[in-house]
$ cat protein_19.pdb   # PDB, C-alpha atoms
MODEL        1
ATOM      1  CA  MET A   1     -29.532  19.415 -15.984
ATOM      2  CA  ILE A   2     -27.507  20.513 -12.953
ATOM      3  CA  ASP A   3     -24.221  18.679 -12.479
ATOM      4  CA  GLU A   4     -23.828  16.998  -9.122
ATOM      5  CA  PRO A   5     -20.968  18.358  -6.987
ATOM      6  CA  GLU A   6     -17.816  16.264  -6.939
ATOM      7  CA  LYS A   7     -17.882  13.777  -4.089
ATOM      8  CA  GLN A   8     -15.467  14.847  -1.359
ATOM      9  CA  THR A   9     -13.052  12.245  -0.099
ATOM     10  CA  LYS A  10     -11.997  11.773   3.492
ATOM     11  CA  ALA A  11      -8.661   9.975   3.481
ATOM     12  CA  VAL A  12      -7.442   8.578   6.788
ATOM     13  CA  ILE A  13      -3.801   7.610   7.318
ATOM     14  CA  ILE A  14      -3.271   5.182  10.184
ATOM     15  CA  ASP A  15      -0.634   6.150  12.750
ATOM     16  CA  TYR A  16       0.580   3.036  14.526
ATOM     17  CA  GLY A  17       4.105   4.208  15.314
ATOM     18  CA  SER A  18       5.589   3.185  11.978
ATOM     19  CA  GLY A  19       5.989   5.037   8.728
ATOM     20  CA  ASN A  20       7.164   8.406   7.500
ATOM     21  CA  LEU A  21       3.810   9.953   8.345
ATOM     22  CA  LYS A  22       4.746  13.548   7.609
ATOM     23  CA  SER A  23       5.805  12.721   4.037
ATOM     24  CA  VAL A  24       2.748  10.538   3.459
ATOM     25  CA  PHE A  25       0.390  13.180   4.856
ATOM     26  CA  ASN A  26       1.961  15.964   2.781
ATOM     27  CA  ALA A  27       1.795  13.889  -0.403
ATOM     28  CA  PHE A  28      -1.871  13.010   0.119
ATOM     29  CA  LYS A  29      -2.761  16.549   1.146
ATOM     30  CA  HIS A  30      -1.131  17.882  -2.020
ATOM     31  CA  ALA A  31      -2.979  15.378  -4.210
ATOM     32  CA  SER A  32      -6.379  15.618  -2.534
ATOM     33  CA  SER A  33      -9.224  18.081  -2.931
ATOM     34  CA  GLY A  34     -10.873  16.542   0.122
ATOM     35  CA  ASP A  35      -9.948  15.975   3.746
ATOM     36  CA  VAL A  36      -6.793  14.138   4.827
ATOM     37  CA  SER A  37      -6.014  13.196   8.421
ATOM     38  CA  VAL A  38      -3.628  11.041  10.448
ATOM     39  CA  THR A  39      -5.126   9.037  13.304
ATOM     40  CA  HIS A  40      -4.717   6.140  15.702
ATOM     41  CA  ASP A  41      -8.397   6.247  16.712
ATOM     42  CA  PHE A  42     -10.480   3.406  15.269
ATOM     43  CA  ARG A  43     -13.566   5.642  15.209
ATOM     44  CA  ASP A  44     -12.024   7.811  12.486
ATOM     45  CA  LEU A  45     -11.822   4.790  10.181
ATOM     46  CA  SER A  46     -15.600   4.472  10.221
ATOM     47  CA  LEU A  47     -15.929   8.070   8.993
ATOM     48  CA  SER A  48     -13.388   7.699   6.188
ATOM     49  CA  SER A  49     -13.861   7.220   2.460
ATOM     50  CA  HIS A  50     -10.302   5.928   1.842
ATOM     51  CA  ILE A  51      -7.908   4.208   4.248
ATOM     52  CA  ILE A  52      -4.098   4.301   4.001
ATOM     53  CA  LEU A  53      -1.722   2.074   5.979
ATOM     54  CA  PRO A  54       1.930   3.171   5.599
ATOM     55  CA  GLY A  55       4.821   1.256   7.101
ATOM     56  CA  VAL A  56       8.559   1.489   7.680
ATOM     57  CA  GLY A  57      10.613  -1.039   9.654
ATOM     58  CA  SER A  58      10.253  -4.762  10.238
ATOM     59  CA  PHE A  59       7.098  -6.772   9.594
ATOM     60  CA  ALA A  60       7.036  -7.999  13.202
ATOM     61  CA  ASP A  61       7.387  -4.528  14.730
ATOM     62  CA  CYS A  62       4.781  -3.015  12.408
ATOM     63  CA  MET A  63       2.257  -5.745  13.163
ATOM     64  CA  LYS A  64       2.929  -5.331  16.874
ATOM     65  CA  GLY A  65       2.274  -1.604  16.571
ATOM     66  CA  LEU A  66      -0.983  -2.166  14.707
ATOM     67  CA  VAL A  67      -2.190  -4.747  17.243
ATOM     68  CA  SER A  68      -1.451  -2.307  20.067
ATOM     69  CA  LEU A  69      -4.097   0.171  18.864
ATOM     70  CA  PRO A  70      -7.449  -0.613  20.537
ATOM     71  CA  GLY A  71     -10.166  -1.509  18.060
ATOM     72  CA  VAL A  72      -8.169  -0.661  14.923
ATOM     73  CA  ILE A  73      -7.767  -4.146  13.439
ATOM     74  CA  GLU A  74     -11.402  -5.023  14.155
ATOM     75  CA  THR A  75     -12.567  -1.773  12.536
ATOM     76  CA  LEU A  76     -10.263  -2.328   9.562
ATOM     77  CA  GLN A  77     -11.899  -5.728   9.066
ATOM     78  CA  ASP A  78     -15.330  -4.078   9.040
ATOM     79  CA  GLU A  79     -14.469  -1.099   6.838
ATOM     80  CA  VAL A  80     -12.105  -2.760   4.336
ATOM     81  CA  ILE A  81     -13.335  -6.356   4.127
ATOM     82  CA  LYS A  82     -17.045  -5.932   4.924
ATOM     83  CA  ASN A  83     -17.809  -2.390   3.738
ATOM     84  CA  LYS A  84     -15.330  -2.494   0.827
ATOM     85  CA  LYS A  85     -13.750   0.929   1.345
ATOM     86  CA  PRO A  86     -10.736   1.638  -0.883
ATOM     87  CA  PHE A  87      -7.590   0.623   0.992
ATOM     88  CA  LEU A  88      -3.943   1.348   0.217
ATOM     89  CA  GLY A  89      -1.019  -0.330   1.964
ATOM     90  CA  ILE A  90       2.409   1.252   1.446
ATOM     91  CA  CYS A  91       5.679  -0.703   1.790
ATOM     92  CA  VAL A  92       5.381  -2.717   5.034
ATOM     93  CA  GLY A  93       1.756  -1.562   5.148
ATOM     94  CA  MET A  94       1.285  -3.524   1.931
ATOM     95  CA  GLN A  95       3.177  -6.519   3.337
ATOM     96  CA  LEU A  96       0.909  -6.642   6.398
ATOM     97  CA  MET A  97      -1.936  -7.661   4.071
ATOM     98  CA  ALA A  98      -0.197 -11.052   3.740
ATOM     99  CA  SER A  99      -0.875 -14.222   5.728
ATOM    100  CA  LEU A 100       2.472 -14.027   7.483
ATOM    101  CA  GLY A 101       5.876 -12.381   7.443
ATOM    102  CA  LYS A 102       9.274 -13.962   8.041
ATOM    103  CA  GLU A 103      11.186 -10.895   9.197
ATOM    104  CA  ASN A 104      12.455 -11.083  12.802
ATOM    105  CA  GLY A 105      10.772 -14.448  13.222
ATOM    106  CA  THR A 106       7.428 -15.584  11.839
ATOM    107  CA  THR A 107       4.514 -13.232  12.440
ATOM    108  CA  LYS A 108       0.893 -13.513  11.361
ATOM    109  CA  GLY A 109      -0.326 -10.716   9.111
ATOM    110  CA  LEU A 110      -3.831  -9.463   8.439
ATOM    111  CA  GLY A 111      -4.426 -12.384   6.072
ATOM    112  CA  TRP A 112      -6.347 -10.343   3.501
ATOM    113  CA  ILE A 113      -4.270 -11.633   0.580
ATOM    114  CA  SER A 114      -2.892 -15.142   0.931
ATOM    115  CA  GLY A 115       0.899 -15.274   0.777
ATOM    116  CA  GLU A 116       4.133 -14.761   2.676
ATOM    117  CA  VAL A 117       6.682 -11.979   3.052
ATOM    118  CA  GLU A 118      10.202 -13.310   2.533
ATOM    119  CA  LYS A 119      13.713 -11.884   2.356
ATOM    120  CA  ILE A 120      14.937 -10.833  -1.081
ATOM    121  CA  THR A 121      17.772 -13.146  -2.157
ATOM    122  CA  PRO A 122      19.073 -12.013  -5.557
ATOM    123  CA  LYS A 123      21.152 -14.520  -7.478
ATOM    124  CA  ASP A 124      23.612 -11.777  -8.424
ATOM    125  CA  PRO A 125      25.918 -11.204  -5.398
ATOM    126  CA  MET A 126      26.647  -7.692  -6.672
ATOM    127  CA  LEU A 127      23.083  -6.642  -5.932
ATOM    128  CA  LYS A 128      22.920  -5.207  -2.440
ATOM    129  CA  ILE A 129      20.123  -5.609   0.070
ATOM    130  CA  PRO A 130      18.116  -3.574   0.861
ATOM    131  CA  HIS A 131      16.847  -2.871  -2.614
ATOM    132  CA  MET A 132      16.966   0.902  -2.436
ATOM    133  CA  GLY A 133      16.450   3.676  -4.957
ATOM    134  CA  TRP A 134      14.613   4.276  -8.222
ATOM    135  CA  ASN A 135      13.423   1.390 -10.353
ATOM    136  CA  THR A 136      10.914   0.780 -13.124
ATOM    137  CA  VAL A 137       7.422  -0.560 -12.487
ATOM    138  CA  SER A 138       6.085  -3.021 -15.055
ATOM    139  CA  PHE A 139       2.303  -3.444 -15.026
ATOM    140  CA  ASN A 140       0.864  -6.948 -15.248
ATOM    141  CA  SER A 141      -2.716  -5.698 -15.310
ATOM    142  CA  GLU A 142      -3.226  -2.402 -17.115
ATOM    143  CA  SER A 143      -6.989  -2.917 -16.878
ATOM    144  CA  HIS A 144      -7.045  -1.896 -13.212
ATOM    145  CA  PRO A 145      -8.776   1.517 -12.883
ATOM    146  CA  ILE A 146      -5.780   3.113 -11.157
ATOM    147  CA  TRP A 147      -3.405   2.299 -14.033
ATOM    148  CA  LYS A 148      -5.393   3.847 -16.878
ATOM    149  CA  LYS A 149      -3.328   7.041 -17.011
ATOM    150  CA  PHE A 150       0.090   5.437 -16.579
ATOM    151  CA  ILE A 151       2.472   3.518 -18.794
ATOM    152  CA  SER A 152       4.513   0.462 -17.934
ATOM    153  CA  GLY A 153       8.082   1.457 -17.168
ATOM    154  CA  SER A 154       7.241   4.361 -14.875
ATOM    155  CA  HIS A 155       9.879   4.983 -12.211
ATOM    156  CA  ALA A 156       9.161   4.658  -8.493
ATOM    157  CA  TYR A 157      11.215   4.801  -5.306
ATOM    158  CA  PHE A 158      11.854   1.576  -3.374
ATOM    159  CA  VAL A 159      13.546   0.758  -0.079
ATOM    160  CA  HIS A 160      13.013  -2.770   1.260
ATOM    161  CA  SER A 161      14.774  -6.029   2.129
ATOM    162  CA  TYR A 162      11.686  -8.278   2.024
ATOM    163  CA  GLN A 163       9.072  -8.910  -0.630
ATOM    164  CA  PHE A 164       5.477 -10.106  -0.695
ATOM    165  CA  ILE A 165       5.068 -13.461  -2.487
ATOM    166  CA  PRO A 166       1.312 -14.045  -2.949
ATOM    167  CA  THR A 167      -0.115 -17.548  -3.248
ATOM    168  CA  ASN A 168      -2.231 -16.471  -6.224
ATOM    169  CA  LYS A 169       0.004 -14.720  -8.756
ATOM    170  CA  ASP A 170      -3.048 -13.068 -10.331
ATOM    171  CA  VAL A 171      -3.067 -10.505  -7.497
ATOM    172  CA  ILE A 172       0.357  -9.216  -8.579
ATOM    173  CA  LEU A 173      -0.571  -6.097 -10.542
ATOM    174  CA  ALA A 174       2.985  -4.905 -11.160
ATOM    175  CA  THR A 175       6.580  -6.002 -10.680
ATOM    176  CA  THR A 176      10.024  -4.476 -10.574
ATOM    177  CA  GLU A 177      13.270  -6.163 -11.595
ATOM    178  CA  TYR A 178      16.130  -6.584  -9.124
ATOM    179  CA  GLY A 179      17.956  -9.729 -10.126
ATOM    180  CA  GLU A 180      14.493 -11.292 -10.397
ATOM    181  CA  ASN A 181      10.916 -10.109 -10.712
ATOM    182  CA  ILE A 182       9.866  -8.643  -7.375
ATOM    183  CA  THR A 183       6.296  -7.793  -6.424
ATOM    184  CA  ALA A 184       5.778  -4.045  -6.754
ATOM    185  CA  VAL A 185       1.982  -3.832  -6.491
ATOM    186  CA  VAL A 186      -0.707  -6.231  -5.286
ATOM    187  CA  GLY A 187      -4.433  -5.798  -5.626
ATOM    188  CA  SER A 188      -7.605  -7.644  -4.759
ATOM    189  CA  ASP A 189     -11.120  -6.221  -4.891
ATOM    190  CA  ASN A 190     -11.063  -2.836  -3.077
ATOM    191  CA  MET A 191      -7.512  -3.331  -1.746
ATOM    192  CA  ILE A 192      -4.256  -2.277  -3.335
ATOM    193  CA  GLY A 193      -0.730  -2.246  -1.962
ATOM    194  CA  THR A 194       2.548  -0.806  -3.235
ATOM    195  CA  GLN A 195       6.017  -1.953  -2.292
ATOM    196  CA  PHE A 196       7.322   1.373  -3.585
ATOM    197  CA  HIS A 197       6.730   4.643  -1.750
ATOM    198  CA  PRO A 198       4.314   6.814  -3.769
ATOM    199  CA  GLU A 199       5.005   9.729  -1.407
ATOM    200  CA  LYS A 200       8.662   9.645  -2.542
ATOM    201  CA  SER A 201       8.026   8.843  -6.203
ATOM    202  CA  GLN A 202       7.607  12.410  -7.445
ATOM    203  CA  SER A 203       5.206  12.912 -10.396
ATOM    204  CA  PHE A 204       4.405   9.199 -10.793
ATOM    205  CA  GLY A 205       3.696   8.906  -7.066
ATOM    206  CA  GLN A 206       1.500  12.000  -7.022
ATOM    207  CA  GLY A 207      -0.431  10.736 -10.015
ATOM    208  CA  PHE A 208      -0.893   7.359  -8.370
ATOM    209  CA  ILE A 209      -2.186   8.956  -5.161
ATOM    210  CA  LYS A 210      -4.675  11.083  -7.106
ATOM    211  CA  GLU A 211      -5.969   8.022  -8.959
ATOM    212  CA  PHE A 212      -6.308   6.100  -5.691
ATOM    213  CA  LEU A 213      -8.316   8.923  -4.120
ATOM    214  CA  MET A 214     -10.673   8.966  -7.120
ATOM    215  CA  TRP A 215     -11.070   5.166  -7.022
ATOM    216  CA  ASP A 216     -14.319   3.834  -5.589
ATOM    217  CA  GLY A 217     -12.890   0.386  -4.875
ATOM    218  CA  ASN A 218     -14.432  -1.330  -7.897
ATOM    219  CA  THR A 219     -12.250  -3.150 -10.436
TER     220      THR A 219
ENDMDL
END
$ encode --input "protein_19.pdb" --output "structure tokens"
Amino acid sequence: MIDEPEKQTKAVIIDYGSGNLKSVFNAFKHASSGDVSVTHDFRDLSLSSHIILPGVGSFADCMKGLVSLPGVIETLQDEVIKNKKPFLGICVGMQLMASLGKENGTTKGLGWISGEVEKITPKDPMLKIPHMGWNTVSFNSESHPIWKKFISGSHAYFVHSYQFIPTNKDVILATTEYGENITAVVGSDNMIGTQFHPEKSQSFGQGFIKEFLMWDGNT
């Protein structure tokens, strides 16, 4: 019996004027045996196998940037929601999956995972905002295909002042502790989002990216 060749991935990183694109591209290129590209053209999303939405800055500004790209949101709806392509949102890119964000006013999100993005308000006044630096990631659902090779307590790099609070807590796949449990990873069907930056999270981040690129979107 002849083994079938490994399926080549085509990862597309969306450029909407927000996000440390060079770092994200380099991290995905290093982890991938397939093609990786950065684009603002909606037509490239249709040709992709995996879609990545990074994000740095405020929720309102990031959503404004995404809306400004002709055809991108409509194509995202088709490819991610209808066609079930694996999707990864990073930092604010993860937050944009929410119903709405409360940073710089109230702004509607993509509405893919019901919930709101709210400012972190730790009870301990000694804890500074933004939450920035290395912190542990505790998995709530180790059954998810991406987590199989990792252990709870892995360290990842965070930098954020707001957190995603989903309506359904079952979509919270992992948390981190910063005066309270803060959402670190959300997931639903073929979608996953990380509050931490995998591109800055060294060996854990590289491993996570590799697992995402091998994921077919099924849970």
$ closest_atom_pairs --input "protein_19.pdb" --of "stretch 85-120 of chain A" --to "stretch 39-58 of chain A" --cutoff "7 Å" --atoms "all atoms listed in the file" --output "tab-separated table"
residue	atom	partner	partner_atom	distance
A:Lys85	CA	A:His50	CA	6.1
A:Pro86	CA	A:His50	CA	5.1
A:Phe87	CA	A:Ile51	CA	4.9
A:Leu88	CA	A:Ile52	CA	4.8
A:Gly89	CA	A:Leu53	CA	4.7
A:Ile90	CA	A:Pro54	CA	4.6
A:Cys91	CA	A:Gly55	CA	5.7
A:Val92	CA	A:Gly55	CA	4.5
A:Gly93	CA	A:Gly55	CA	4.6
A:Glu103	CA	A:Ser58	CA	6.3
$ residues_near_point --input "protein_19.pdb" --point "(8.2, -10.3, -16.7)" --cutoff "8 Å" --atoms "all atoms listed in the file" --output "number ranges by chain"
A: 138, 175, 181
$ resolve_selection --input "protein_19.pdb" --expression "the PyMOL selection byres ((chain A and resi 10) around 6)" --output "PyMOL selection string"
chain A and resi 9+11+34-36+48-49
$ write_last_selection --input "protein_19.pdb" --atoms "C-alpha atoms" --output "CSV table (one decimal), in the frame of the given file"
chain,number,residue,atom,x,y,z
A,9,THR,CA,-13.1,12.2,-0.1
A,11,ALA,CA,-8.7,10.0,3.5
A,34,GLY,CA,-10.9,16.5,0.1
A,35,ASP,CA,-9.9,16.0,3.7
A,36,VAL,CA,-6.8,14.1,4.8
A,48,SER,CA,-13.4,7.7,6.2
A,49,SER,CA,-13.9,7.2,2.5
$ atom_distance --input "protein_19.pdb" --atom1 "atom CA of A:Asp189" --atom2 "atom CA of A:Gln95"
16.5 Å
$ axis_aligned_box --input "protein_19.pdb" --around "stretch 18-33 of chain A" --padding-each-side "3 Å" --output "AutoDock Vina command-line options"
--center_x -1.0 --center_y 10.6 --center_z 3.9 --size_x 22.4 --size_y 20.9 --size_z 22.2
$ resolve_selection --input "protein_19.pdb" --expression "the PyMOL selection byres ((chain A and resi 158) around 9)" --output "number ranges by chain"
A: 91, 131-135, 156-157, 159-160, 184, 195-197, 200-201
$ closest_residue --input "protein_19.pdb" --among "A:Val24, A:Leu66, A:Ala98, A:Met126" --to "A:Asn168" --atoms "only C-alpha atoms"
A:Ala98
$ closest_residue --input "protein_19.pdb" --among "A:Gly193, A:Asn26, A:Tyr178, A:Ser152" --to "A:Pro130" --atoms "all atoms listed in the file"
A:Tyr178
$ closest_residue --input "protein_19.pdb" --among "A:Ile165, A:Val72, A:Ile146, A:Ile172" --to "A:Glu118" --atoms "all atoms listed in the file"
A:Ile165
